file entry_36.cif (mmCIF, C-alpha atoms)
data_model
loop_
_atom_site.label_atom_id
_atom_site.label_comp_id
_atom_site.auth_asym_id
_atom_site.auth_seq_id
_atom_site.Cartn_x
_atom_site.Cartn_y
_atom_site.Cartn_z
CA MET A 170 28.63 -140.16 79.93
CA THR A 171 31.50 -139.21 82.25
CA ALA A 172 35.03 -139.95 81.20
CA ILE A 173 37.03 -142.45 83.25
CA ASP A 174 40.21 -141.05 84.79
CA HIS A 175 42.65 -143.90 84.11
CA ASP A 176 45.48 -142.22 86.02
CA SER A 177 43.34 -141.90 89.15
CA LEU A 178 42.20 -145.51 88.76
CA SER A 179 45.79 -146.72 88.51
CA VAL A 180 46.76 -144.83 91.66
CA ASP A 181 43.80 -146.31 93.56
CA GLU A 182 44.65 -149.81 92.36
CA ALA A 183 48.28 -149.39 93.40
CA ARG A 184 47.22 -148.07 96.82
CA GLU A 185 44.84 -151.01 97.31
CA ALA A 186 47.54 -153.47 96.24
CA ARG A 187 49.97 -151.98 98.79
CA ARG A 188 47.28 -152.20 101.46
CA GLU A 189 46.64 -155.86 100.66
CA ARG A 190 50.35 -156.65 100.82
CA ARG A 191 50.62 -154.85 104.15
CA PHE A 192 47.81 -156.87 105.71
CA THR A 193 49.18 -160.09 104.24
CA ARG A 194 52.48 -159.41 106.00
CA ILE A 195 50.69 -158.58 109.25
CA ASN A 196 48.68 -161.83 109.08
CA SER A 197 51.88 -163.78 108.41
CA ALA A 198 53.59 -162.12 111.36
CA ASP A 199 50.58 -162.89 113.57
CA LYS A 200 51.45 -166.60 113.50
CA TRP A 201 54.79 -165.85 115.14
CA PHE A 202 53.31 -163.27 117.51
CA GLN A 203 51.09 -166.10 118.79
CA VAL A 204 54.12 -168.36 119.22
CA LEU A 205 56.13 -165.72 121.07
CA GLY A 206 53.25 -164.78 123.37
CA LEU A 207 52.76 -161.35 121.75
CA PRO A 208 49.28 -161.67 120.17
CA TRP A 209 48.48 -158.01 121.01
CA MET A 210 51.00 -156.86 118.39
CA THR A 211 48.64 -157.87 115.56
CA PRO A 212 45.72 -155.52 116.39
CA ILE A 213 48.18 -152.69 117.06
CA LEU A 214 49.73 -153.10 113.61
CA LYS A 215 46.30 -153.44 112.01
CA ALA A 216 45.07 -150.29 113.75
CA VAL A 217 48.13 -148.37 112.55
CA ALA A 218 47.49 -149.71 109.04
CA GLY A 219 43.91 -148.39 109.21
CA ASP A 220 41.93 -151.62 109.47
CA ASN A 221 38.76 -150.78 111.46
CA PRO A 222 40.49 -148.91 114.32
CA LYS A 223 37.47 -149.21 116.64
CA ALA A 224 37.44 -153.02 116.44
CA GLN A 225 41.23 -153.18 116.80
CA VAL A 226 41.19 -150.98 119.91
CA SER A 227 38.70 -153.40 121.46
CA GLU A 228 41.03 -156.30 120.62
CA ILE A 229 44.04 -154.43 122.02
CA TRP A 230 42.15 -153.86 125.25
CA ARG A 231 41.30 -157.58 125.51
CA LEU A 232 44.78 -158.87 124.67
CA LEU A 233 46.94 -156.20 126.33
CA GLY A 234 44.85 -153.87 128.49
CA VAL A 235 43.11 -156.55 130.55
CA PRO A 236 46.34 -158.49 131.36
CA LEU A 237 48.14 -155.27 132.32
CA LEU A 238 45.19 -154.22 134.49
CA ALA A 239 45.26 -157.62 136.20
CA ILE A 240 49.00 -157.26 136.89
CA VAL A 241 48.51 -153.75 138.31
CA ALA A 242 45.66 -155.02 140.49
CA PHE A 243 47.83 -157.90 141.73
CA LEU A 244 50.71 -155.54 142.57
CA GLY A 245 48.33 -153.18 144.37
CA LEU A 246 46.82 -156.02 146.42
CA TRP A 247 50.30 -157.34 147.20
CA ALA A 248 51.50 -153.89 148.31
CA ALA A 249 48.42 -153.41 150.52
CA LEU A 250 48.41 -156.81 152.21
CA ALA A 251 52.15 -157.51 152.53
CA PRO A 252 52.77 -155.19 155.53
CA THR A 253 49.97 -156.88 157.47
CA VAL A 254 51.71 -160.29 157.44
CA GLN A 255 54.45 -160.50 160.05
CA THR A 256 57.10 -163.23 160.08
CA SER A 257 60.17 -163.96 162.19
CA LEU A 258 62.12 -161.82 159.71
CA GLY A 259 59.65 -158.94 159.73
CA ALA A 260 56.80 -158.02 157.42
CA ILE A 261 56.40 -159.62 154.00
CA PRO A 262 58.18 -157.35 151.50
CA GLY A 263 56.06 -155.48 149.01
CA PRO A 264 56.76 -154.89 145.32
CA ALA A 265 58.94 -151.83 146.03
CA GLN A 266 61.22 -153.74 148.43
CA VAL A 267 61.47 -156.68 146.01
CA TRP A 268 62.39 -154.31 143.18
CA ASP A 269 65.07 -152.70 145.37
CA GLN A 270 66.61 -156.11 146.05
CA ALA A 271 66.49 -156.98 142.35
CA LEU A 272 68.51 -153.82 141.67
CA ASN A 273 70.91 -154.70 144.52
CA LEU A 274 71.45 -158.17 143.04
CA HIS A 275 72.12 -156.57 139.65
CA HIS A 276 74.68 -154.15 141.10
CA ASP A 277 76.26 -156.98 143.12
CA ALA A 278 76.58 -159.06 139.93
CA GLN A 279 78.28 -156.16 138.17
CA ALA A 280 80.72 -155.72 141.06
CA LYS A 281 81.55 -159.45 141.09
CA ALA A 282 82.07 -159.44 137.32
CA ALA A 283 84.46 -156.48 137.64
CA LYS A 284 86.32 -158.26 140.43
CA GLU A 285 86.67 -161.38 138.26
CA ASP A 286 87.94 -159.30 135.34
CA LYS A 287 90.57 -157.67 137.57
CA PHE A 288 91.67 -161.10 138.81
CA TYR A 289 92.27 -162.35 135.27
CA GLU A 290 93.98 -159.09 134.30
CA ARG A 291 96.44 -159.50 137.19
CA LEU A 292 96.94 -163.16 136.27
CA ASP A 293 97.63 -162.32 132.61
CA LEU A 294 100.04 -159.54 133.63
CA ARG A 295 101.90 -161.94 135.95
CA ASN A 296 102.16 -164.58 133.23
CA GLU A 297 103.41 -162.01 130.69
CA LYS A 298 106.15 -160.91 133.09
CA LEU A 299 107.21 -164.52 133.67
CA ILE A 300 107.37 -165.18 129.92
CA ALA A 301 109.37 -161.98 129.37
CA ALA A 302 111.80 -163.08 132.09
CA GLY A 303 112.27 -166.48 130.42
CA GLN A 304 110.35 -168.35 133.11
CA ALA A 305 107.54 -169.75 130.97
CA ASP A 306 107.54 -172.93 133.05
CA LYS A 307 106.13 -170.94 135.97
CA VAL A 308 103.13 -169.66 134.01
CA LYS A 309 99.86 -170.69 135.67
CA HIS A 310 96.25 -170.68 134.49
CA ILE A 311 94.16 -170.38 137.64
CA ALA A 312 90.38 -170.49 137.63
CA TYR A 313 88.55 -167.73 139.49
CA THR A 314 87.04 -169.11 142.68
CA GLY A 315 85.06 -166.13 143.91
CA ALA A 316 81.40 -166.37 144.90
CA PRO A 317 79.07 -166.65 141.88
CA SER A 318 76.82 -163.73 141.04
CA TYR A 319 73.05 -163.97 140.75
CA TYR A 320 73.36 -164.11 136.97
CA ASP A 321 75.94 -166.91 137.26
CA GLN A 322 73.47 -168.87 139.39
CA ILE A 323 70.72 -168.34 136.81
CA TRP A 324 73.01 -169.58 134.05
CA THR A 325 74.01 -172.62 136.14
CA SER A 326 70.34 -173.56 136.60
CA ILE A 327 69.61 -173.18 132.88
CA LYS A 328 72.61 -175.35 131.93
CA THR A 329 71.62 -177.98 134.47
CA VAL A 330 67.99 -178.21 133.39
CA PHE A 331 68.90 -178.47 129.70
CA PHE A 332 71.51 -181.14 130.41
CA GLY A 333 68.98 -183.25 132.30
CA PHE A 334 66.23 -182.48 129.77
CA LEU A 335 68.36 -183.55 126.78
CA ILE A 336 69.28 -186.84 128.46
CA ALA A 337 65.60 -187.45 129.29
CA SER A 338 64.59 -186.71 125.68
CA ALA A 339 67.28 -189.03 124.29
CA VAL A 340 65.92 -191.83 126.47
CA ALA A 341 62.18 -191.10 126.29
CA ILE A 342 61.68 -190.57 122.54
CA PRO A 343 63.15 -193.92 121.37
CA MET A 344 61.34 -195.76 124.17
CA GLY A 345 58.09 -193.97 123.29
CA VAL A 346 58.45 -194.89 119.60
CA MET A 347 59.10 -198.50 120.56
CA ALA A 348 56.07 -198.57 122.90
CA GLY A 349 53.86 -196.95 120.26
CA LEU A 350 54.83 -199.38 117.51
CA SER A 351 54.84 -202.58 119.56
CA PRO A 352 51.95 -203.64 121.84
CA THR A 353 54.38 -206.02 123.55
CA ALA A 354 56.85 -203.23 124.33
CA ASN A 355 53.98 -201.05 125.53
CA ALA A 356 52.79 -203.81 127.87
CA ALA A 357 56.32 -204.15 129.24
CA LEU A 358 56.91 -200.42 129.75
CA ASN A 359 53.48 -199.43 131.06
CA PRO A 360 53.84 -200.81 134.63
CA ILE A 361 57.30 -199.22 134.95
CA ILE A 362 55.91 -195.86 133.83
CA GLN A 363 52.95 -196.06 136.20
CA ILE A 364 55.18 -196.93 139.18
CA PHE A 365 57.98 -194.41 138.70
CA LYS A 366 56.08 -191.46 137.16
CA PRO A 367 54.59 -190.25 140.51
CA VAL A 368 57.88 -190.50 142.45
CA SER A 369 58.94 -187.17 143.96
CA PRO A 370 62.37 -185.70 143.19
CA LEU A 371 63.02 -185.65 146.93
CA ALA A 372 62.82 -189.45 146.89
CA TRP A 373 65.15 -189.78 143.89
CA LEU A 374 67.74 -187.34 145.24
CA PRO A 375 69.37 -189.48 147.97
CA ILE A 376 69.55 -192.49 145.62
CA VAL A 377 71.10 -190.41 142.84
CA THR A 378 73.51 -188.78 145.30
CA MET A 379 74.80 -192.14 146.55
CA ILE A 380 75.19 -193.57 143.03
CA VAL A 381 76.97 -190.48 141.68
CA SER A 382 79.27 -190.39 144.72
CA ALA A 383 80.15 -194.05 144.21
CA VAL A 384 80.64 -193.93 140.43
CA TYR A 385 82.01 -190.40 140.01
CA ALA A 386 84.78 -190.52 142.58
CA THR A 387 86.51 -187.25 141.66
CA ASN A 388 85.10 -183.75 141.84
CA ASP A 389 87.71 -182.35 139.46
CA GLY A 390 86.25 -183.75 136.24
CA MET A 391 84.23 -182.04 133.54
CA PHE A 392 81.17 -181.85 135.82
CA SER A 393 80.87 -181.35 139.56
CA LYS A 394 79.00 -183.91 141.63
CA SER A 395 76.32 -181.42 142.60
CA PHE A 396 75.71 -180.63 138.92
CA LEU A 397 75.37 -184.31 138.01
CA VAL A 398 73.10 -185.06 140.96
CA SER A 399 70.77 -182.19 140.06
CA ALA A 400 70.78 -182.98 136.31
CA ILE A 401 70.15 -186.72 136.75
CA THR A 402 67.31 -186.00 139.18
CA VAL A 403 65.80 -183.72 136.53
CA THR A 404 66.19 -186.53 133.99
CA LEU A 405 64.43 -189.11 136.17
CA CYS A 406 61.48 -186.83 136.85
CA SER A 407 61.05 -185.22 133.42
CA LEU A 408 61.30 -188.12 130.97
CA TRP A 409 57.78 -189.48 131.62
CA PRO A 410 55.67 -186.81 129.84
CA THR A 411 57.77 -187.16 126.69
CA LEU A 412 57.68 -190.95 126.83
CA ILE A 413 53.90 -191.08 127.29
CA ASN A 414 53.10 -188.48 124.64
CA THR A 415 55.50 -190.03 122.13
CA SER A 416 53.89 -193.41 122.66
CA LEU A 417 50.41 -191.92 122.19
CA GLY A 418 51.47 -190.01 119.09
CA VAL A 419 53.03 -193.06 117.47
CA SER A 420 50.15 -195.41 118.31
CA ALA A 421 47.64 -192.89 116.87
CA ILE A 422 49.21 -192.89 113.40
CA ASP A 423 46.77 -193.66 110.59
CA LYS A 424 46.79 -197.42 110.04
CA ASP A 425 46.62 -196.86 106.28
CA LEU A 426 50.09 -195.33 106.44
CA ILE A 427 51.39 -198.39 108.24
CA ASN A 428 49.79 -200.64 105.62
CA VAL A 429 51.37 -198.58 102.84
CA SER A 430 54.78 -199.01 104.46
CA LYS A 431 54.23 -202.78 104.47
CA VAL A 432 53.21 -202.78 100.81
CA LEU A 433 56.31 -200.75 99.92
CA LYS A 434 58.40 -203.09 102.09
CA MET A 435 59.99 -200.17 103.90
CA SER A 436 62.65 -200.97 106.47
CA THR A 437 61.90 -200.27 110.13
CA TRP A 438 64.22 -197.24 110.16
CA SER A 439 62.71 -195.81 106.94
CA LYS A 440 59.21 -196.28 108.35
CA ILE A 441 60.14 -194.47 111.57
CA GLN A 442 61.97 -191.68 109.75
CA LYS A 443 59.46 -191.01 106.95
CA LEU A 444 56.10 -191.94 108.51
CA VAL A 445 56.19 -192.34 112.27
CA LEU A 446 58.15 -189.30 113.45
CA PRO A 447 56.53 -186.71 111.10
CA SER A 448 53.05 -187.91 112.08
CA ALA A 449 53.80 -188.04 115.81
CA LEU A 450 55.77 -184.76 116.06
CA PRO A 451 52.91 -182.62 117.47
CA LEU A 452 52.40 -184.94 120.44
CA ILE A 453 56.14 -185.47 120.85
CA PHE A 454 56.66 -181.72 121.17
CA THR A 455 53.76 -181.50 123.60
CA GLY A 456 55.56 -184.07 125.73
CA LEU A 457 58.84 -182.17 125.43
CA ARG A 458 57.20 -178.92 126.57
CA LEU A 459 55.66 -180.69 129.57
CA SER A 460 58.97 -182.41 130.37
CA LEU A 461 60.92 -179.15 130.28
CA GLY A 462 58.37 -177.52 132.60
CA VAL A 463 58.53 -180.45 135.02
CA GLY A 464 62.33 -180.45 134.86
CA TRP A 465 62.51 -176.73 135.69
CA MET A 466 60.27 -177.21 138.74
CA VAL A 467 62.19 -180.28 139.90
CA LEU A 468 65.55 -178.55 139.44
CA ILE A 469 64.97 -175.93 142.13
CA ALA A 470 64.29 -178.57 144.79
CA ALA A 471 67.22 -180.67 143.57
CA GLU A 472 69.62 -177.73 143.73
CA MET A 473 68.53 -176.89 147.26
CA LEU A 474 69.51 -180.32 148.55
CA ALA A 475 72.41 -181.12 146.19
CA GLN A 476 73.89 -177.62 146.72
CA ASN A 477 74.37 -177.09 143.00
CA PRO A 478 75.22 -173.36 142.73
CA GLY A 479 72.03 -172.36 140.91
CA LEU A 480 68.77 -170.62 141.81
CA GLY A 481 67.74 -173.42 144.17
CA LYS A 482 70.89 -172.99 146.23
CA PHE A 483 70.40 -169.20 146.16
CA VAL A 484 66.92 -169.60 147.68
CA TRP A 485 68.21 -172.05 150.30
CA ASP A 486 71.17 -169.83 151.25
CA GLU A 487 68.92 -166.79 151.66
CA PHE A 488 66.51 -168.84 153.79
CA GLN A 489 69.40 -169.98 155.98
CA ASN A 490 70.83 -166.46 156.09
CA GLY A 491 67.71 -165.07 157.74
CA SER A 492 68.58 -161.40 157.26
CA SER A 493 66.02 -158.63 156.90
CA GLN A 494 66.61 -158.67 153.14
CA SER A 495 66.33 -162.45 152.69
CA LEU A 496 62.57 -162.59 152.11
CA ALA A 497 62.74 -159.95 149.39
CA ARG A 498 65.65 -161.74 147.71
CA ILE A 499 63.78 -165.04 147.82
CA MET A 500 60.80 -163.35 146.16
CA VAL A 501 63.12 -161.99 143.46
CA ALA A 502 64.25 -165.57 142.87
CA VAL A 503 60.63 -166.80 142.77
CA LEU A 504 59.74 -164.22 140.11
CA THR A 505 62.92 -165.07 138.18
CA ILE A 506 62.04 -168.77 138.24
CA GLY A 507 58.55 -168.03 136.95
CA ILE A 508 59.73 -165.74 134.15
CA ILE A 509 62.42 -168.18 133.00
CA GLY A 510 59.88 -171.03 133.08
CA PHE A 511 57.58 -169.00 130.83
CA LEU A 512 60.45 -168.19 128.43
CA LEU A 513 61.51 -171.85 128.26
CA ASP A 514 57.96 -172.85 127.35
CA ARG A 515 57.83 -170.14 124.65
CA LEU A 516 61.17 -171.39 123.31
CA MET A 517 59.89 -174.95 123.02
CA PHE A 518 56.65 -173.72 121.43
CA ALA A 519 58.66 -171.73 118.86
CA ILE A 520 60.75 -174.80 118.02
CA GLN A 521 57.55 -176.86 117.76
CA SER A 522 56.07 -174.30 115.35
CA MET A 523 59.16 -174.55 113.15
CA PHE A 524 58.94 -178.34 112.80
CA THR A 525 55.21 -179.05 112.92
CA PHE A 526 52.18 -177.77 111.06
CA SER A 527 48.61 -177.05 112.08
CA ASN A 528 45.44 -176.05 110.25
CA ASN A 529 46.45 -172.40 110.59
CA ARG A 530 50.05 -172.68 109.51
#
call {"tool": "encode", "arguments": {"input": "entry_36.cif", "output": "structure tokens"}}
result
Amino acid sequence: MTAIDHDSLSVDEAREARRERRFTRINSADKWFQVLGLPWMTPILKAVAGDNPKAQVSEIWRLLGVPLLAIVAFLGLWAALAPTVQTSLGAIPGPAQVWDQALNLHHDAQAKAAKEDKFYERLDLRNEKLIAAGQADKVKHIAYTGAPSYYDQIWTSIKTVFFGFLIASAVAIPMGVMAGLSPTANAALNPIIQIFKPVSPLAWLPIVTMIVSAVYATNDGMFSKSFLVSAITVTLCSLWPTLINTSLGVSAIDKDLINVSKVLKMSTWSKIQKLVLPSALPLIFTGLRLSLGVGWMVLIAAEMLAQNPGLGKFVWDEFQNGSSQSLARIMVAVLTIGIIGFLLDRLMFAIQSMFTFSNNR
């Protein structure tokens, strides 16, 4: 009989335990990689950890290599075909020209930020001199009125879409719960939803503009008129997906749960808080993701016409400008809009994953 080396066995057991813990952590992280749109991170980590490298390389190729190859192919096709399409402003810009304009917009934003900083430095210096001279009553706090940078316009669009989206959610979720719980309320709301859901933002915009102009007489308040017009238009167009999905989620709740709430004589609020909302959350969040996507698309058109200083106005101004660089700048804006739309969807999906549960999590 051969003697058993207990020291060697202990080392092997410890190594195997560490390996198991490592893969447990990787599998836990995979759930969030899926949420964040980074599923290719999991096979990379598993390959590094030594889990069947050949199979993991195949998975890396599928999740990362194929998408990157498709992007490269798209850029190559774009670069080859763009010079063949002539417009009144010249040939369609290729990826290189669009990248150059993206860098120009970045440098322009830096220059405008430096100019704004110098303005406030001069203003602060002036005010300090007045205070030192005993003329504090002449101190002024003046807002910078220079042209917004590209980054300022992006931030304006994001603020506007979230403002409209939050108002839409605050209206749609309670109405959806009411429609899901009450057949009478559902019958009352259904024709309104079916009539107004297909209405284009371009149809809402003149109505909203006239109402805001009549009700919000000043332009010196907390919000500008163009901001309110754009945000309310987003609200009117984006509340329907949330309302419909909330209603479906609430109406699909297990009837046994409703019967239990009746047996326990739960109040309406307790029933909604403890049974209805937790059960309907997955569909509610689906509606919220759809609403945010719709709102982001609607916003660009609304900003073009309402002249809210966001990405929509940037696209419109470049179109009106008609310079040789305008097409490339518009394409930079198009790519920016697409990337931000993707990030907003990932953000909502991450929030959904934090508050809801599936079979895998």
call {"tool": "resolve_selection", "arguments": {"input": "entry_36.cif", "expression": "the PyMOL selection byres ((chain A and resi 310) around 9)", "output": "JSON list (two decimals) with C-alpha atoms, in the frame of the given file"}}
result
[["chain", "number", "residue", "atom", "x", "y", "z"],
["A", 292, "LEU", "CA", 96.94, -163.16, 136.27],
["A", 293, "ASP", "CA", 97.63, -162.32, 132.61],
["A", 296, "ASN", "CA", 102.16, -164.58, 133.23],
["A", 308, "VAL", "CA", 103.13, -169.66, 134.01],
["A", 309, "LYS", "CA", 99.86, -170.69, 135.67],
["A", 311, "ILE", "CA", 94.16, -170.38, 137.64],
["A", 312, "ALA", "CA", 90.38, -170.49, 137.63]]
call {"tool": "resolve_selection", "arguments": {"input": "entry_36.cif", "expression": "the PyMOL selection byres ((chain A and resi 429-445) around 10)", "output": "list in words"}}
result
Val346, Met347, Gly349, Leu350, Gly418, Val419, Ser420, Ala421, Ile422, Asp423, Lys424, Asp425, Leu426, Ile427, Asn428, Leu446, Pro447, Ser448, Ala449 and Leu450 of chain A
call {"tool": "write_last_selection", "arguments": {"input": "entry_36.cif", "atoms": "C-alpha atoms", "output": "PDB file, in the frame of the given file"}}
result
ATOM      1  CA  VAL A 346      58.450-194.890 119.600  1.00  0.00           C
ATOM      2  CA  MET A 347      59.100-198.500 120.560  1.00  0.00           C
ATOM      3  CA  GLY A 349      53.860-196.950 120.260  1.00  0.00           C
ATOM      4  CA  LEU A 350      54.830-199.380 117.510  1.00  0.00           C
ATOM      5  CA  GLY A 418      51.470-190.010 119.090  1.00  0.00           C
ATOM      6  CA  VAL A 419      53.030-193.060 117.470  1.00  0.00           C
ATOM      7  CA  SER A 420      50.150-195.410 118.310  1.00  0.00           C
ATOM      8  CA  ALA A 421      47.640-192.890 116.870  1.00  0.00           C
ATOM      9  CA  ILE A 422      49.210-192.890 113.400  1.00  0.00           C
ATOM     10  CA  ASP A 423      46.770-193.660 110.590  1.00  0.00           C
ATOM     11  CA  LYS A 424      46.790-197.420 110.040  1.00  0.00           C
ATOM     12  CA  ASP A 425      46.620-196.860 106.280  1.00  0.00           C
ATOM     13  CA  LEU A 426      50.090-195.330 106.440  1.00  0.00           C
ATOM     14  CA  ILE A 427      51.390-198.390 108.240  1.00  0.00           C
ATOM     15  CA  ASN A 428      49.790-200.640 105.620  1.00  0.00           C
ATOM     16  CA  LEU A 446      58.150-189.300 113.450  1.00  0.00           C
ATOM     17  CA  PRO A 447      56.530-186.710 111.100  1.00  0.00           C
ATOM     18  CA  SER A 448      53.050-187.910 112.080  1.00  0.00           C
ATOM     19  CA  ALA A 449      53.800-188.040 115.810  1.00  0.00           C
ATOM     20  CA  LEU A 450      55.770-184.760 116.060  1.00  0.00           C
TER      21      LEU A 450
END
call {"tool": "atom_distance", "arguments": {"input": "entry_36.cif", "atom1": "CA of Ala354 in chain A", "atom2": "CA of Ser460 in chain A"}}
result
21.8 Å
call {"tool": "residues_around", "arguments": {"input": "entry_36.cif", "residues": "range 321-327 of chain A", "least_positions_apart": "6", "cutoff": "9 Å", "atoms": "only C-alpha atoms", "output": "PyMOL selection string"}}
result
chain A and resi 278+396+465+468-469+472+477-483+505-506+509
call {"tool": "atom_distance", "arguments": {"input": "entry_36.cif", "atom1": "CA of Ala475 in chain A", "atom2": "CA of Ser395 in chain A"}}
result
5.3 Å
call {"tool": "resolve_selection", "arguments": {"input": "entry_36.cif", "expression": "the PyMOL selection byres ((chain A and resi 370) around 12)", "output": "mmCIF file with C-alpha atoms, in the coordinates of the input"}}
result
data_model
loop_
_atom_site.group_PDB
_atom_site.id
_atom_site.type_symbol
_atom_site.label_atom_id
_atom_site.label_comp_id
_atom_site.auth_asym_id
_atom_site.auth_seq_id
_atom_site.Cartn_x
_atom_site.Cartn_y
_atom_site.Cartn_z
ATOM 1 C CA PHE A 365 57.980 -194.410 138.700
ATOM 2 C CA LYS A 366 56.080 -191.460 137.160
ATOM 3 C CA PRO A 367 54.590 -190.250 140.510
ATOM 4 C CA VAL A 368 57.880 -190.500 142.450
ATOM 5 C CA SER A 369 58.940 -187.170 143.960
ATOM 6 C CA LEU A 371 63.020 -185.650 146.930
ATOM 7 C CA ALA A 372 62.820 -189.450 146.890
ATOM 8 C CA TRP A 373 65.150 -189.780 143.890
ATOM 9 C CA LEU A 374 67.740 -187.340 145.240
ATOM 10 C CA PRO A 375 69.370 -189.480 147.970
ATOM 11 C CA ILE A 376 69.550 -192.490 145.620
ATOM 12 C CA VAL A 377 71.100 -190.410 142.840
ATOM 13 C CA THR A 378 73.510 -188.780 145.300
ATOM 14 C CA VAL A 398 73.100 -185.060 140.960
ATOM 15 C CA SER A 399 70.770 -182.190 140.060
ATOM 16 C CA ALA A 400 70.780 -182.980 136.310
ATOM 17 C CA ILE A 401 70.150 -186.720 136.750
ATOM 18 C CA THR A 402 67.310 -186.000 139.180
ATOM 19 C CA VAL A 403 65.800 -183.720 136.530
ATOM 20 C CA THR A 404 66.190 -186.530 133.990
ATOM 21 C CA LEU A 405 64.430 -189.110 136.170
ATOM 22 C CA CYS A 406 61.480 -186.830 136.850
ATOM 23 C CA SER A 407 61.050 -185.220 133.420
ATOM 24 C CA VAL A 463 58.530 -180.450 135.020
ATOM 25 C CA GLY A 464 62.330 -180.450 134.860
ATOM 26 C CA TRP A 465 62.510 -176.730 135.690
ATOM 27 C CA MET A 466 60.270 -177.210 138.740
ATOM 28 C CA VAL A 467 62.190 -180.280 139.900
ATOM 29 C CA LEU A 468 65.550 -178.550 139.440
ATOM 30 C CA ILE A 469 64.970 -175.930 142.130
ATOM 31 C CA ALA A 470 64.290 -178.570 144.790
ATOM 32 C CA ALA A 471 67.220 -180.670 143.570
ATOM 33 C CA GLU A 472 69.620 -177.730 143.730
ATOM 34 C CA MET A 473 68.530 -176.890 147.260
ATOM 35 C CA LEU A 474 69.510 -180.320 148.550
ATOM 36 C CA ALA A 475 72.410 -181.120 146.190
#
call {"tool": "atom_distance", "arguments": {"input": "entry_36.cif", "atom1": "CA of Pro317 in chain A", "atom2": "CA of Arg295 in chain A"}}
result
24.1 Å
call {"tool": "residues_around", "arguments": {"input": "entry_36.cif", "residues": "Phe511 in chain A", "least_positions_apart": "4", "cutoff": "12 Å", "atoms": "all atoms listed in the file", "output": "ChimeraX atom specification"}}
result
/A:205-206,458-459,461-462,465-466,504-507,515-518
call {"tool": "closest_residue", "arguments": {"input": "entry_36.cif", "among": "A:Pro360, A:Gly345, A:Pro264, A:Gly333", "to": "Leu452 in chain A", "atoms": "all atoms listed in the file"}}
result
A:Gly345
call {"tool": "closest_residue", "arguments": {"input": "entry_36.cif", "among": "A:Leu358, A:Ala386, A:Ala519, A:Ile342", "to": "Lys200 in chain A", "atoms": "only C-alpha atoms"}}
result
A:Ala519
call {"tool": "residues_around", "arguments": {"input": "entry_36.cif", "residues": "Ile413 in chain A", "least_positions_apart": "5", "cutoff": "9 Å", "atoms": "all atoms listed in the file", "output": "count of residues only"}}
result
8
call {"tool": "residues_around", "arguments": {"input": "entry_36.cif", "residues": "range 184-192 of chain A", "least_positions_apart": "2", "cutoff": "12 Å", "atoms": "all atoms listed in the file", "output": "number ranges by chain"}}
result
A: 177-182, 194-199, 211-212, 214-220
call {"tool": "write_last_selection", "arguments": {"input": "entry_36.cif", "atoms": "C-alpha atoms", "output": "JSON list (two decimals), in the coordinates of the input"}}
result
[["chain", "number", "residue", "atom", "x", "y", "z"],
["A", 177, "SER", "CA", 43.34, -141.90, 89.15],
["A", 178, "LEU", "CA", 42.20, -145.51, 88.76],
["A", 179, "SER", "CA", 45.79, -146.72, 88.51],
["A", 180, "VAL", "CA", 46.76, -144.83, 91.66],
["A", 181, "ASP", "CA", 43.80, -146.31, 93.56],
["A", 182, "GLU", "CA", 44.65, -149.81, 92.36],
["A", 194, "ARG", "CA", 52.48, -159.41, 106.00],
["A", 195, "ILE", "CA", 50.69, -158.58, 109.25],
["A", 196, "ASN", "CA", 48.68, -161.83, 109.08],
["A", 197, "SER", "CA", 51.88, -163.78, 108.41],
["A", 198, "ALA", "CA", 53.59, -162.12, 111.36],
["A", 199, "ASP", "CA", 50.58, -162.89, 113.57],
["A", 211, "THR", "CA", 48.64, -157.87, 115.56],
["A", 212, "PRO", "CA", 45.72, -155.52, 116.39],
["A", 214, "LEU", "CA", 49.73, -153.10, 113.61],
["A", 215, "LYS", "CA", 46.30, -153.44, 112.01],
["A", 216, "ALA", "CA", 45.07, -150.29, 113.75],
["A", 217, "VAL", "CA", 48.13, -148.37, 112.55],
["A", 218, "ALA", "CA", 47.49, -149.71, 109.04],
["A", 219, "GLY", "CA", 43.91, -148.39, 109.21],
["A", 220, "ASP", "CA", 41.93, -151.62, 109.47]]
call {"tool": "residues_around", "arguments": {"input": "entry_36.cif", "residues": "range 253-257 of chain A", "least_positions_apart": "3", "cutoff": "12 Å", "atoms": "all atoms listed in the file", "output": "MDAnalysis selection string"}}
result
chainID A and resid 246:250 260:263 488 491:493 495:496
call {"tool": "closest_residue", "arguments": {"input": "entry_36.cif", "among": "A:Tyr319, A:Pro410, A:Asp277, A:Val235", "to": "Val484 in chain A", "atoms": "only C-alpha atoms"}}
result
A:Tyr319
call {"tool": "decode", "arguments": {"input": "entry_36.cif", "residues": "range 394-398 of chain A", "atoms": "N, CA and C atoms", "output": "JSON list (two decimals), in the first residue's frame"}}
result
[["chain", "number", "residue", "atom", "x", "y", "z"],
["A", 394, "LYS", "N", -39.29, 78.74, -21.66],
["A", 394, "LYS", "CA", -40.46, 78.23, -22.40],
["A", 394, "LYS", "C", -40.07, 77.08, -23.32],
["A", 395, "SER", "N", -38.94, 77.22, -23.97],
["A", 395, "SER", "CA", -38.52, 76.16, -24.91],
["A", 395, "SER", "C", -38.27, 74.85, -24.17],
["A", 396, "PHE", "N", -37.73, 74.94, -22.95],
["A", 396, "PHE", "CA", -37.51, 73.74, -22.14],
["A", 396, "PHE", "C", -38.84, 73.08, -21.79],
["A", 397, "LEU", "N", -39.80, 73.89, -21.34],
["A", 397, "LEU", "CA", -41.10, 73.34, -20.95],
["A", 397, "LEU", "C", -41.84, 72.75, -22.14],
["A", 398, "VAL", "N", -41.78, 73.43, -23.28],
["A", 398, "VAL", "CA", -42.47, 72.92, -24.48],
["A", 398, "VAL", "C", -41.88, 71.56, -24.87]]
